[in-house]
Amino acid sequence: MAGIDHYLPAYFGKIHPKWKTPYISILIQAVISAAILVLSQINATVIGAYQFLVSMSVILYFIPFLYMYAAVIRLAYRPDRVAGGQAVLVPGGKTGVWIAGSLAFLITLGSMAVAAIPPGGENKILFEGKLVGCTAAFIGAGLVLYWRGAMKKRAAGA
């Protein structure tokens with residue numbers, strides 16, 4: 001979808017004439033997934049490699065939740081939140097928002113910290129280095145692709 005919406009190069013959104021699937025995106029995803037699987041095996045046991053993949057997935061999956069829980073606190077102070085009638089308000093007013101948002105944020109952050117604990121018998125520095133490096137690479141790649149697409153769309157609209 002990102003290729004079709006022009007946030008990625010056009011070839012990512014290229015649809016296969018027979019199967020009607022974005023086959024270029026699928027092939028690129030397969031190559032990247034294979035590279036991640038190979039990288040996860042470097043100086044690691046099978047359990048360590050599996051734990052690395054699970055930990056990286058958990059951390060990457062929970063990052064948007066941190067933004068969401070922080071945003072609920074920030075958005076509670078918008079003056080127009082009640083005016084539209086569409087907002088679902090957290091019970092307890094701003095105090096309830098702070099309690100719910102803070103607890104959810106801290107629990108999610110704690111889950112990410114627990115996911116970063118390497119299994120026993122693994123090289124802790126290598127495990128943490130791969131985890132931090134791969135997570136940063138994924139976030140960086142996503143940001144670069146988004147900013148590239150947003151600038152292209154802005155330039156096309158101007």
# chains A, B, ... in the order shown; residues from 1 in each chain; ligands from 1
$ residues_around --residues "stretch 133-145 of chain A" --least-positions-apart "6" --cutoff "8 Å" --atoms "only C-alpha atoms" --output "list in words"
Tyr7, Leu8, Met56, Ile59 and Leu60 of chain A
$ residues_around --residues "A:Ile26" --least-positions-apart "5" --cutoff "9 Å" --atoms "only C-alpha atoms" --output "PyMOL selection string"
chain A and resi 12+21+31
$ write_last_selection --atoms "N, CA and C atoms" --output "short mmCIF file (atom, residue, chain, number, x, y, z; two decimals), in the first residue's frame"
data_model
loop_
_atom_site.label_atom_id
_atom_site.label_comp_id
_atom_site.auth_asym_id
_atom_site.auth_seq_id
_atom_site.Cartn_x
_atom_site.Cartn_y
_atom_site.Cartn_z
N PHE A 12 7.51 -0.64 -5.89
CA PHE A 12 6.98 -1.39 -4.74
C PHE A 12 5.49 -1.66 -4.89
N THR A 21 -1.07 -9.28 -7.17
CA THR A 21 -0.39 -9.04 -5.91
C THR A 21 0.80 -8.12 -6.14
N VAL A 31 13.71 -11.20 0.62
CA VAL A 31 15.17 -11.03 0.69
C VAL A 31 15.57 -10.41 2.03
#
$ select_by_dssp --residues "chain A" --states "helix (DSSP H, G or I)" --output "VMD selection string"
chain A and resid 10 to 13 23 to 40 46 to 75 93 to 115 124 to 157
$ closest_residue --among "A:Ile24, A:Leu109, A:Val38, A:Ala44" --to "A:Lys124" --atoms "only C-alpha atoms"
A:Ala44
$ closest_residue --among "A:Ala70, A:Ala83, A:Ala113, A:Leu39" --to "A:Val97" --atoms "only C-alpha atoms"
A:Ala70
$ closest_residue --among "A:Ile63, A:Ile32, A:Met151, A:Ala76" --to "A:Pro91" --atoms "only C-alpha atoms"
A:Ala76
$ residues_around --residues "A:Leu37" --least-positions-apart "5" --cutoff "10 Å" --atoms "only C-alpha atoms" --output "VMD selection string"
chain A and resid 31 to 32 42 49 to 50 52 to 53
$ write_last_selection --atoms "N, CA, C and O atoms" --output "PDB file, in the first residue's frame"
ATOM      1  N   VAL A  31      13.713 -11.204   0.620  1.00  0.00           N
ATOM      2  CA  VAL A  31      15.168 -11.030   0.685  1.00  0.00           C
ATOM      3  C   VAL A  31      15.571 -10.410   2.029  1.00  0.00           C
ATOM      4  O   VAL A  31      16.523 -10.871   2.680  1.00  0.00           O
ATOM      5  N   ILE A  32      14.850  -9.398   2.472  1.00  0.00           N
ATOM      6  CA  ILE A  32      15.159  -8.764   3.754  1.00  0.00           C
ATOM      7  C   ILE A  32      14.948  -9.749   4.906  1.00  0.00           C
ATOM      8  O   ILE A  32      15.759  -9.830   5.829  1.00  0.00           O
ATOM      9  N   ILE A  42      24.359 -15.233  13.706  1.00  0.00           N
ATOM     10  CA  ILE A  42      25.769 -14.930  13.927  1.00  0.00           C
ATOM     11  C   ILE A  42      26.118 -15.123  15.404  1.00  0.00           C
ATOM     12  O   ILE A  42      25.548 -14.465  16.278  1.00  0.00           O
ATOM     13  N   ALA A  49      19.107 -17.213  18.747  1.00  0.00           N
ATOM     14  CA  ALA A  49      18.632 -16.613  17.494  1.00  0.00           C
ATOM     15  C   ALA A  49      17.119 -16.421  17.540  1.00  0.00           C
ATOM     16  O   ALA A  49      16.603 -15.370  17.131  1.00  0.00           O
ATOM     17  N   TYR A  50      16.411 -17.430  18.051  1.00  0.00           N
ATOM     18  CA  TYR A  50      14.954 -17.320  18.170  1.00  0.00           C
ATOM     19  C   TYR A  50      14.586 -16.192  19.138  1.00  0.00           C
ATOM     20  O   TYR A  50      13.711 -15.381  18.848  1.00  0.00           O
ATOM     21  N   PHE A  52      16.335 -13.594  19.882  1.00  0.00           N
ATOM     22  CA  PHE A  52      16.650 -12.318  19.236  1.00  0.00           C
ATOM     23  C   PHE A  52      15.499 -11.879  18.327  1.00  0.00           C
ATOM     24  O   PHE A  52      15.064 -10.728  18.373  1.00  0.00           O
ATOM     25  N   LEU A  53      15.005 -12.789  17.503  1.00  0.00           N
ATOM     26  CA  LEU A  53      13.914 -12.446  16.586  1.00  0.00           C
ATOM     27  C   LEU A  53      12.646 -12.063  17.340  1.00  0.00           C
ATOM     28  O   LEU A  53      11.956 -11.102  16.981  1.00  0.00           O
TER      29      LEU A  53
END
$ closest_residue --among "A:Pro22, A:Gly48, A:Gly13, A:Gly101" --to "A:Ile117" --atoms "only C-alpha atoms"
A:Gly48
$ closest_residue --among "A:Ile107, A:Ala71, A:Leu131, A:Ala30" --to "A:Gln51" --atoms "only C-alpha atoms"
A:Leu131
$ atom_distance --atom1 "atom CA of A:Glu122" --atom2 "atom CA of A:Asn43"
8.6 Å
$ atom_distance --atom1 "atom CA of A:Val132" --atom2 "atom CA of A:Pro64"
16.6 Å
$ atom_distance --atom1 "atom CA of A:Met112" --atom2 "atom CA of A:Val58"
6.8 Å
$ closest_residue --among "A:Val88, A:Gly120, A:Arg81, A:Tyr69" --to "A:Leu106" --atoms "only C-alpha atoms"
A:Tyr69
$ decode --residues "stretch 21-36 of chain A" --atoms "N, CA, C and O atoms" --output "CSV table (one decimal), in the first residue's frame"
chain,number,residue,atom,x,y,z
A,21,THR,N,-1.1,-9.3,-7.2
A,21,THR,CA,-0.4,-9.0,-5.9
A,21,THR,C,0.8,-8.1,-6.1
A,21,THR,O,1.4,-8.1,-7.2
A,22,PRO,N,1.2,-7.4,-5.1
A,22,PRO,CA,2.4,-6.5,-5.3
A,22,PRO,C,3.7,-7.4,-5.2
A,22,PRO,O,4.4,-7.5,-4.2
A,23,TYR,N,4.0,-8.1,-6.3
A,23,TYR,CA,5.0,-9.1,-6.2
A,23,TYR,C,6.4,-8.6,-6.0
A,23,TYR,O,7.3,-9.2,-5.4
A,24,ILE,N,6.8,-7.4,-6.4
A,24,ILE,CA,8.1,-6.8,-6.2
A,24,ILE,C,8.2,-6.6,-4.6
A,24,ILE,O,9.3,-6.9,-4.1
A,25,SER,N,7.2,-6.1,-4.0
A,25,SER,CA,7.3,-5.9,-2.5
A,25,SER,C,7.4,-7.2,-1.8
A,25,SER,O,8.2,-7.3,-0.9
A,26,ILE,N,6.8,-8.2,-2.3
A,26,ILE,CA,6.9,-9.5,-1.7
A,26,ILE,C,8.3,-10.1,-1.8
A,26,ILE,O,8.8,-10.7,-0.9
A,27,LEU,N,8.9,-9.9,-3.0
A,27,LEU,CA,10.2,-10.4,-3.2
A,27,LEU,C,11.2,-9.7,-2.4
A,27,LEU,O,12.1,-10.3,-1.8
A,28,ILE,N,11.1,-8.4,-2.3
A,28,ILE,CA,12.0,-7.6,-1.5
A,28,ILE,C,11.9,-7.9,0.0
A,28,ILE,O,12.8,-8.1,0.7
A,29,GLN,N,10.6,-8.2,0.4
A,29,GLN,CA,10.4,-8.6,1.8
A,29,GLN,C,11.0,-9.9,2.1
A,29,GLN,O,11.6,-10.2,3.2
A,30,ALA,N,11.0,-10.8,1.1
A,30,ALA,CA,11.6,-12.2,1.3
A,30,ALA,C,13.1,-12.1,1.4
A,30,ALA,O,13.7,-12.7,2.3
A,31,VAL,N,13.7,-11.2,0.6
A,31,VAL,CA,15.2,-11.0,0.7
A,31,VAL,C,15.6,-10.4,2.0
A,31,VAL,O,16.5,-10.9,2.7
A,32,ILE,N,14.9,-9.4,2.5
A,32,ILE,CA,15.2,-8.8,3.8
A,32,ILE,C,14.9,-9.7,4.9
A,32,ILE,O,15.8,-9.8,5.8
A,33,SER,N,13.9,-10.5,4.8
A,33,SER,CA,13.6,-11.5,5.9
A,33,SER,C,14.7,-12.6,5.9
A,33,SER,O,15.2,-13.0,7.0
A,34,ALA,N,15.2,-13.0,4.8
A,34,ALA,CA,16.3,-14.0,4.7
A,34,ALA,C,17.5,-13.4,5.3
A,34,ALA,O,18.3,-14.1,6.1
A,35,ALA,N,17.8,-12.1,5.0
A,35,ALA,CA,19.0,-11.5,5.6
A,35,ALA,C,18.9,-11.4,7.1
A,35,ALA,O,19.9,-11.6,7.8
A,36,ILE,N,17.7,-11.1,7.6
A,36,ILE,CA,17.5,-11.0,9.1
A,36,ILE,C,17.7,-12.3,9.7
A,36,ILE,O,18.4,-12.5,10.8
